[in-house]
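> Enclosed is the structure file work_17.cif (mmCIF, C-alpha atoms).
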```cif
data_run
#
loop_
_atom_site.label_atom_id
_atom_site.label_comp_id
_atom_site.auth_asym_id
_atom_site.auth_seq_id
_atom_site.Cartn_x
_atom_site.Cartn_y
_atom_site.Cartn_z
CA MET A 1 77.59 19.38 -150.72
CA MET A 2 81.26 20.10 -151.21
CA THR A 3 80.81 23.88 -151.37
CA ASP A 4 79.09 23.88 -147.96
CA PHE A 5 82.19 22.35 -146.48
CA LEU A 6 84.40 24.99 -148.11
CA THR A 7 82.31 28.03 -147.13
CA PRO A 8 84.04 29.68 -144.13
CA GLN A 9 82.14 29.27 -140.90
CA LEU A 10 83.22 29.60 -137.27
CA PRO A 11 85.00 26.17 -137.14
CA HIS A 12 87.11 27.11 -140.18
CA PHE A 13 88.53 30.13 -138.39
CA LEU A 14 89.02 28.18 -135.17
CA ILE A 15 90.93 25.41 -136.96
CA LEU A 16 93.08 27.99 -138.75
CA ALA A 17 93.85 29.62 -135.38
CA THR A 18 94.66 26.23 -133.81
CA THR A 19 97.03 25.37 -136.67
CA LEU A 20 98.88 28.69 -136.40
CA PHE A 21 99.07 28.34 -132.61
CA VAL A 22 100.61 24.85 -132.79
CA ILE A 23 103.11 25.96 -135.48
CA GLY A 24 104.12 28.82 -133.19
CA LEU A 25 104.41 26.39 -130.27
CA VAL A 26 106.80 24.18 -132.27
CA GLY A 27 108.85 27.26 -133.16
CA VAL A 28 109.10 28.41 -129.54
CA THR A 29 110.18 25.02 -128.26
CA THR A 30 112.62 23.94 -130.98
CA SER A 31 114.31 27.18 -132.10
CA ARG A 32 117.80 28.02 -130.99
CA ASN A 33 117.88 31.65 -132.12
CA VAL A 34 116.20 33.96 -129.57
CA ILE A 35 114.78 36.19 -132.29
CA ARG A 36 113.08 33.24 -133.97
CA VAL A 37 111.55 32.35 -130.61
CA LEU A 38 110.16 35.91 -130.40
CA MET A 39 108.73 35.63 -133.93
CA SER A 40 107.04 32.32 -133.10
CA LEU A 41 105.60 33.91 -129.95
CA GLU A 42 104.05 36.67 -132.07
CA LEU A 43 102.51 34.00 -134.31
CA MET A 44 100.88 32.38 -131.27
CA LEU A 45 99.45 35.72 -130.11
CA ASN A 46 98.07 36.35 -133.60
CA ALA A 47 96.39 32.96 -133.60
CA VAL A 48 94.60 33.93 -130.39
CA ASN A 49 93.52 37.19 -132.03
CA ILE A 50 91.92 35.26 -134.91
CA ASN A 51 89.90 33.33 -132.31
CA MET A 52 88.77 36.56 -130.61
CA VAL A 53 87.67 38.19 -133.85
CA ALA A 54 85.88 35.07 -135.16
CA PHE A 55 83.98 34.59 -131.91
CA ASN A 56 83.04 38.27 -131.96
CA ASN A 57 81.68 37.93 -135.49
CA TYR A 58 79.72 34.71 -134.99
CA LEU A 59 78.60 34.97 -131.36
CA SER A 60 78.17 38.74 -130.94
CA PRO A 61 75.40 39.53 -128.47
CA ALA A 62 72.92 42.32 -129.12
CA TYR A 63 71.05 44.16 -126.37
CA GLY A 64 67.63 45.58 -127.07
CA SER A 65 65.96 45.53 -130.43
CA GLY A 66 64.90 47.83 -133.24
CA SER A 67 66.55 51.23 -133.50
CA GLY A 68 67.69 51.18 -129.84
CA ALA A 69 69.73 47.98 -130.23
CA GLN A 70 73.24 47.93 -128.72
CA PHE A 71 75.90 45.73 -130.24
CA PHE A 72 78.89 44.58 -128.26
CA MET A 73 82.36 44.39 -129.75
CA SER A 74 83.99 42.61 -126.81
CA GLY A 75 86.01 40.22 -128.97
CA GLN A 76 87.52 42.99 -131.06
CA ALA A 77 88.21 45.11 -127.96
CA PHE A 78 90.12 42.22 -126.39
CA ALA A 79 91.99 41.68 -129.66
CA ILE A 80 93.13 45.33 -129.39
CA PHE A 81 94.39 44.70 -125.84
CA ILE A 82 96.23 41.54 -126.91
CA LEU A 83 97.82 43.54 -129.71
CA THR A 84 98.95 46.23 -127.25
CA VAL A 85 100.41 43.72 -124.80
CA SER A 86 102.24 41.83 -127.55
CA ALA A 87 103.71 45.07 -128.92
CA ALA A 88 105.01 45.90 -125.42
CA GLU A 89 106.32 42.34 -125.05
CA ALA A 90 108.14 42.52 -128.38
CA ALA A 91 109.81 45.83 -127.46
CA VAL A 92 111.00 44.59 -124.06
CA GLY A 93 111.96 41.20 -125.54
CA LEU A 94 114.11 42.80 -128.22
CA ALA A 95 115.74 45.02 -125.58
CA ILE A 96 116.60 41.93 -123.52
CA VAL A 97 117.99 40.20 -126.62
CA ILE A 98 120.21 43.22 -127.32
CA ALA A 99 121.40 43.37 -123.71
CA LEU A 100 122.16 39.62 -123.80
CA TYR A 101 123.98 40.00 -127.11
CA ARG A 102 126.17 42.76 -125.63
CA LYS A 103 127.11 40.49 -122.75
CA TYR A 104 127.47 37.08 -124.42
CA LYS A 105 128.03 38.06 -128.10
CA THR A 106 125.54 35.42 -129.21
CA VAL A 107 121.80 34.86 -129.72
CA ASP A 108 122.04 31.14 -129.03
CA MET A 109 119.41 30.10 -126.47
CA GLU A 110 121.65 27.33 -125.11
CA GLN A 111 124.26 29.85 -123.97
CA PHE A 112 121.74 31.65 -121.75
CA SER A 113 121.60 28.98 -119.11
CA VAL A 114 122.66 30.97 -116.05
CA LEU A 115 120.53 33.26 -113.89
CA LYS A 116 123.65 34.99 -112.51
CA GLY A 117 124.53 38.20 -114.36
CA MET B 118 79.73 34.30 -150.67
CA LEU B 119 81.87 32.66 -153.32
CA LEU B 120 84.38 35.51 -153.16
CA GLU B 121 84.47 35.16 -149.37
CA THR B 122 85.18 31.43 -149.69
CA ILE B 123 88.00 31.95 -152.19
CA LEU B 124 89.55 34.74 -150.08
CA PHE B 125 89.38 32.64 -146.92
CA TRP B 126 91.23 29.73 -148.48
CA VAL B 127 93.82 32.01 -150.06
CA PHE B 128 94.47 33.80 -146.76
CA ALA B 129 94.44 30.58 -144.73
CA THR B 130 96.90 28.83 -147.05
CA ALA B 131 99.18 31.86 -147.14
CA ALA B 132 99.09 32.25 -143.35
CA VAL B 133 99.85 28.59 -142.62
CA GLY B 134 102.55 28.36 -145.31
CA ALA B 135 104.21 31.57 -144.13
CA ALA B 136 104.02 30.42 -140.50
CA LEU B 137 105.69 27.13 -141.41
CA SER B 138 108.54 28.91 -143.15
CA VAL B 139 108.89 31.34 -140.22
CA VAL B 140 109.59 28.34 -138.01
CA PHE B 141 111.51 26.07 -140.43
CA HIS B 142 113.38 28.27 -142.93
CA PRO B 143 117.15 27.98 -142.37
CA SER B 144 117.79 31.70 -142.92
CA ILE B 145 116.32 33.92 -140.25
CA ILE B 146 116.06 36.89 -142.63
CA TYR B 147 113.67 34.92 -144.84
CA SER B 148 111.80 33.91 -141.70
CA ALA B 149 111.30 37.56 -140.78
CA LEU B 150 110.11 38.39 -144.30
CA MET B 151 107.68 35.47 -144.27
CA LEU B 152 106.42 36.78 -140.93
CA ILE B 153 105.18 39.87 -142.82
CA VAL B 154 103.26 37.59 -145.22
CA ALA B 155 101.71 35.75 -142.26
CA PHE B 156 100.67 39.01 -140.55
CA LEU B 157 99.11 40.43 -143.74
CA SER B 158 97.20 37.18 -144.37
CA ILE B 159 95.88 37.32 -140.82
CA ALA B 160 94.80 40.92 -141.48
CA GLY B 161 92.81 39.53 -144.44
CA VAL B 162 91.18 36.99 -142.12
CA PHE B 163 90.21 39.90 -139.84
CA VAL B 164 88.50 41.65 -142.77
CA LEU B 165 86.49 38.48 -143.48
CA ASN B 166 85.26 38.70 -139.87
CA ASN B 167 84.04 42.31 -140.20
CA ALA B 168 86.98 43.64 -138.14
CA ASP B 169 88.20 46.29 -140.57
CA PHE B 170 89.80 48.60 -137.97
CA LEU B 171 91.71 45.67 -136.47
CA ALA B 172 92.88 44.65 -139.95
CA VAL B 173 94.39 48.11 -140.52
CA VAL B 174 95.96 48.14 -137.04
CA GLN B 175 97.35 44.65 -137.69
CA THR B 176 98.94 45.83 -140.94
CA LEU B 177 100.45 48.93 -139.33
CA VAL B 178 101.58 47.52 -135.97
CA TYR B 179 102.54 43.95 -136.91
CA GLY B 180 103.07 44.03 -140.66
CA VAL B 181 105.26 47.13 -140.55
CA GLY B 182 106.29 48.15 -137.03
CA LEU B 183 107.00 44.85 -135.37
CA THR B 184 108.79 43.29 -138.34
CA ILE B 185 110.97 46.39 -138.62
CA ILE B 186 112.19 46.04 -135.03
CA ILE B 187 112.64 42.28 -135.48
CA LEU B 188 114.70 42.91 -138.62
CA PHE B 189 116.69 45.48 -136.63
CA GLY B 190 117.31 42.85 -133.98
CA ILE B 191 118.48 40.36 -136.62
CA MET B 192 120.79 42.90 -138.26
CA PHE B 193 122.15 43.98 -134.86
CA THR B 194 122.97 40.47 -133.69
CA GLY B 195 124.07 39.04 -137.05
CA ASP B 196 123.02 35.80 -138.69
CA LYS B 197 125.72 33.61 -137.16
CA LEU B 198 123.71 30.53 -136.34
CA LEU B 199 124.00 28.30 -139.37
CA SER B 200 122.11 25.34 -138.03
CA ASP B 201 119.31 26.90 -136.05
CA ARG B 202 117.80 23.70 -134.71
CA SER B 203 118.99 22.87 -131.20
CA VAL B 204 117.60 19.35 -131.47
CA THR B 205 118.50 16.30 -133.50
CA LYS B 206 116.17 14.98 -136.18
CA ARG B 207 115.02 12.29 -133.77
CA GLN B 208 114.16 14.86 -131.08
CA LEU B 209 112.45 17.01 -133.71
CA ALA B 210 110.25 14.03 -134.58
CA ALA B 211 109.39 13.72 -130.89
CA TYR B 212 108.50 17.42 -130.76
CA MET B 213 106.28 16.91 -133.81
CA VAL B 214 104.46 14.12 -132.02
CA VAL B 215 103.92 16.38 -129.01
CA ALA B 216 102.75 19.20 -131.28
CA GLY B 217 100.35 16.80 -132.98
CA MET B 218 99.01 15.84 -129.56
CA ALA B 219 98.54 19.51 -128.65
CA PHE B 220 96.72 20.00 -131.94
CA ALA B 221 94.52 16.97 -131.25
CA LEU B 222 93.82 18.37 -127.79
CA LEU B 223 92.76 21.78 -129.12
CA LEU B 224 90.81 20.48 -132.11
CA PRO B 225 87.70 19.30 -130.19
CA ALA B 226 87.38 22.83 -128.77
CA ALA B 227 87.48 24.21 -132.30
CA LEU B 228 84.99 21.66 -133.62
CA HIS B 229 82.69 21.99 -130.62
CA GLY B 230 79.23 22.79 -131.92
CA TYR B 231 78.98 26.43 -130.93
CA ARG B 232 75.47 27.76 -131.29
CA VAL B 233 76.17 30.53 -133.78
CA ILE B 234 74.08 33.66 -133.23
CA PRO B 235 73.01 34.96 -136.63
CA THR B 236 74.08 38.57 -137.18
CA PRO B 237 71.09 40.86 -136.50
CA ALA B 238 69.82 42.73 -139.54
CA ALA B 239 70.62 46.11 -137.94
CA LEU B 240 74.22 45.03 -137.27
CA ALA B 241 74.57 43.65 -140.79
CA ALA B 242 73.39 47.03 -142.09
CA ILE B 243 76.04 48.81 -139.97
CA TYR B 244 78.72 46.43 -141.32
CA GLN B 245 77.54 47.16 -144.85
CA THR B 246 77.56 50.95 -144.55
CA GLU B 247 80.15 52.16 -142.01
CA GLY B 248 81.97 49.08 -140.73
CA SER B 249 82.62 48.08 -137.14
CA THR B 250 85.08 50.88 -136.26
CA ALA B 251 82.54 53.18 -134.58
CA LEU B 252 81.09 50.29 -132.56
CA LEU B 253 84.58 49.23 -131.47
CA GLY B 254 85.39 52.81 -130.40
CA THR B 255 82.19 52.99 -128.37
CA ALA B 256 83.03 49.71 -126.65
CA LEU B 257 86.62 50.83 -125.92
CA PHE B 258 85.62 54.16 -124.37
CA ASN B 259 82.60 52.95 -122.42
CA THR B 260 82.75 49.31 -121.32
CA TYR B 261 86.53 48.99 -121.55
CA ALA B 262 87.58 52.52 -120.55
CA LEU B 263 89.66 51.36 -117.55
CA PRO B 264 91.56 48.57 -119.41
CA PHE B 265 92.13 51.06 -122.21
CA GLU B 266 93.84 53.53 -119.85
CA LEU B 267 95.80 50.71 -118.20
CA ALA B 268 97.01 49.62 -121.65
CA SER B 269 98.42 53.10 -122.23
CA ILE B 270 100.28 52.92 -118.89
CA LEU B 271 101.60 49.49 -119.90
CA LEU B 272 102.92 50.93 -123.16
CA LEU B 273 104.66 53.76 -121.26
CA ILE B 274 106.25 51.28 -118.81
CA ALA B 275 107.35 49.01 -121.68
CA MET B 276 108.90 51.99 -123.50
CA VAL B 277 110.87 53.14 -120.44
CA GLY B 278 111.82 49.55 -119.60
CA ALA B 279 113.05 48.81 -123.12
CA ILE B 280 115.24 51.92 -123.09
CA LEU B 281 116.65 51.14 -119.63
CA ILE B 282 117.38 47.47 -120.45
CA SER B 283 119.05 48.09 -123.78
CA LYS B 284 121.08 51.11 -122.66
CA ARG B 285 124.76 50.39 -122.07
CA SER B 286 124.76 51.90 -118.57
CA LEU B 287 122.48 54.20 -116.63
CA SER B 288 124.94 57.07 -116.15
CA GLY B 289 126.15 57.07 -119.73
CA VAL B 290 129.64 56.08 -118.51
CA ASP B 291 131.20 52.81 -119.58
CA GLU B 292 131.39 51.00 -116.25
CA THR B 293 134.31 48.80 -117.26
CA SER B 294 136.55 51.86 -117.63
CA ILE B 295 136.04 53.04 -114.03
CA LYS B 296 139.18 52.49 -111.92
CA TYR B 297 138.99 51.82 -108.24
CA THR B 298 140.87 54.35 -106.14
CA PRO B 299 140.80 53.74 -102.39
CA ASN B 300 139.80 56.70 -100.26
CA GLN B 301 142.87 57.85 -98.35
CA SER B 302 141.62 61.25 -97.22
CA HIS B 303 141.48 60.14 -93.56
CA LEU B 304 145.24 59.52 -93.53
CA THR B 305 147.75 62.17 -92.68
CA PRO B 306 149.66 63.64 -95.63
CA GLU B 307 152.80 61.80 -94.46
CA ALA B 308 151.01 58.45 -94.48
CA GLN B 309 149.53 59.13 -97.92
CA GLU B 310 153.00 59.92 -99.20
CA ALA B 311 154.36 56.71 -97.66
CA LEU B 312 151.59 54.68 -99.31
CA GLU B 313 152.28 56.23 -102.71
CA GLY B 314 153.56 53.59 -105.11
CA THR B 315 153.09 50.66 -102.75
CA THR B 316 150.04 49.39 -104.61
CA THR B 317 151.32 47.66 -107.70
CA SER B 318 149.45 45.86 -110.40
CA LEU B 319 149.19 42.07 -110.56
CA ALA B 320 151.28 41.94 -113.72
CA ALA B 321 154.03 44.01 -112.10
CA SER B 322 154.08 41.84 -108.97
CA LYS B 323 154.29 38.74 -111.14
CA ALA B 324 157.21 40.19 -113.03
CA ASN B 325 158.96 41.12 -109.76
CA HIS B 326 158.59 37.63 -108.39
CA PRO B 327 161.93 35.78 -108.14
CA ASN B 328 160.52 32.76 -109.98
CA ALA B 329 158.50 34.79 -112.51
CA ALA B 330 158.70 32.16 -115.24
CA ASP B 331 157.49 29.36 -112.93
CA VAL B 332 154.55 31.44 -111.72
CA GLU B 333 153.56 32.20 -115.32
CA ALA B 334 153.67 28.51 -116.30
CA ALA B 335 151.60 27.50 -113.26
CA ALA B 336 149.04 30.19 -114.02
CA ASN B 337 148.74 29.03 -117.63
CA GLU B 338 148.27 25.44 -116.52
CA ALA B 339 145.53 26.46 -114.09
CA ALA B 340 143.82 28.52 -116.77
CA VAL B 341 143.72 25.60 -119.21
CA ASP B 342 141.91 23.49 -116.62
CA GLU B 343 139.30 26.15 -116.10
CA ILE B 344 138.22 26.59 -119.75
CA PRO B 345 134.68 25.17 -119.89
CA PHE B 346 134.34 22.44 -122.46
CA ARG B 347 131.15 22.38 -124.48
CA GLU B 348 129.89 19.42 -126.42
CA PRO B 349 129.38 20.31 -130.08
CA VAL B 350 125.67 20.73 -130.68
CA GLY B 351 123.48 20.94 -133.74
CA VAL B 352 121.86 18.62 -136.20
#
```
Could you write out this structure as structure tokens?

Amino acid sequence: MMTDFLTPQLPHFLILATTLFVIGLVGVTTSRNVIRVLMSLELMLNAVNINMVAFNNYLSPAYGSGSGAQFFMSGQAFAIFILTVSAAEAAVGLAIVIALYRKYKTVDMEQFSVLKG
Amino acid sequence: MLLETILFWVFATAAVGAALSVVFHPSIIYSALMLIVAFLSIAGVFVLNNADFLAVVQTLVYGVGLTIIILFGIMFTGDKLLSDRSVTKRQLAAYMVVAGMAFALLLPAALHGYRVIPTPAALAAIYQTEGSTALLGTALFNTYALPFELASILLLIAMVGAILISKRSLSGVDETSIKYTPNQSHLTPEAQEALEGTTTSLAASKANHPNAADVEAAANEAAVDEIPFREPVGV
């Protein structure tokens, strides 16, 4: 039935995450503006988070049974860590962009081709 | 179930459309604003997966905080790049082919027949009444207590690092304004007096040169040769 195909299941979320990840990948590789590269990077990290949360929802293990059952939220916990790391990455990345802009007066990726300061 | 289906397709379409315009919109300001739409749609996807705490954190950290600092970065650097694409249309087509291959590579993993564990009735009851926040907190402070503390150290390091990198100079003094003065304290006062005025600037020595005009012309010629020539780039 058509509605069965439309009802969101685990593959739906995984395909959505894959699509967002590949769009972010294209942005990272083809953009010239450093800030757009950072934005695309955040998109990729978010796509991974969708994967984590979907797997946690559909494959969550339970230990024990009845009233003493323990439920694990590993996927969501890892999503929190990814979020923390990407926030730190964005802050340091923006700081580097600002330092580069002070030195070169541009945000063009092609101008940042030297390792020497 | 029907509501869930409709919400999923609305959020998925909005997320993919916003992501495409983040990458392809010519104006980077619109890209940053579409990034907010993408983040909020992804927060909606989190809600559909019973991750309500994460959805709120996503809205606050990404939807508000991160986009604010990205907008600050855009405003600080200025929107000077008119054609943002560093590649020609032909190269862009090649990148699209590579991206399609990456998508085709990842798709089997997404379509792999995972044996879905049905949500236990007790867990479904918890989702219905109080949500997953308490469970997530228990996991963070028991199983993942050490990574949790390490994450806080990472945030501290990132904060200090961001301040240090973006600061003009460590001492608060503009380093380009510091003038070099050789230490002459080991010389006798007579010698210091004799040295006084012997160090002249480059401009002054050029001007004092007997063939000042020739030197100037030669210097200009040399400078012209050294200007790096860049091929014009862009679509």
> If the PyMOL selection byres ((chain B) within 7 of (chain A)) is run on the structure shown, which residues does it catch, given as number ranges by chain?
B: 122, 125, 129, 133, 136-137, 140, 163, 166-168, 190, 194, 201-204, 216, 220, 223-224, 227-228, 233-235, 252-253, 256-257, 268, 272, 275, 278-279, 282-283
> Quick one: pull the distance between atom CA of Ser144 of chain B and atom CA of Thr184 of chain B, Å, one decimal.
15.4 Å
> Calculate, to one decimal in Å, the centre and edge lengths of the box along x, y and z of the file that holds all listed atoms of segment 270-288 of chain B with 5 Å of margin on each side, and present them as lines of an AutoDock Vina configuration file.

```
center_x = 112.6
center_y = 52.3
center_z = -120.0
size_x = 34.7
size_y = 19.6
size_z = 17.6
```
> How many Å separate atom CA of Met218 of chain B from atom CA of Lys206 of chain B?
18.4 Å
> To one decimal in Å, tell me the separation between atom CA of Gly230 of chain B and atom CA of Leu165 of chain B.
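That distance, rounded to one decimal, is 20.8 Å.
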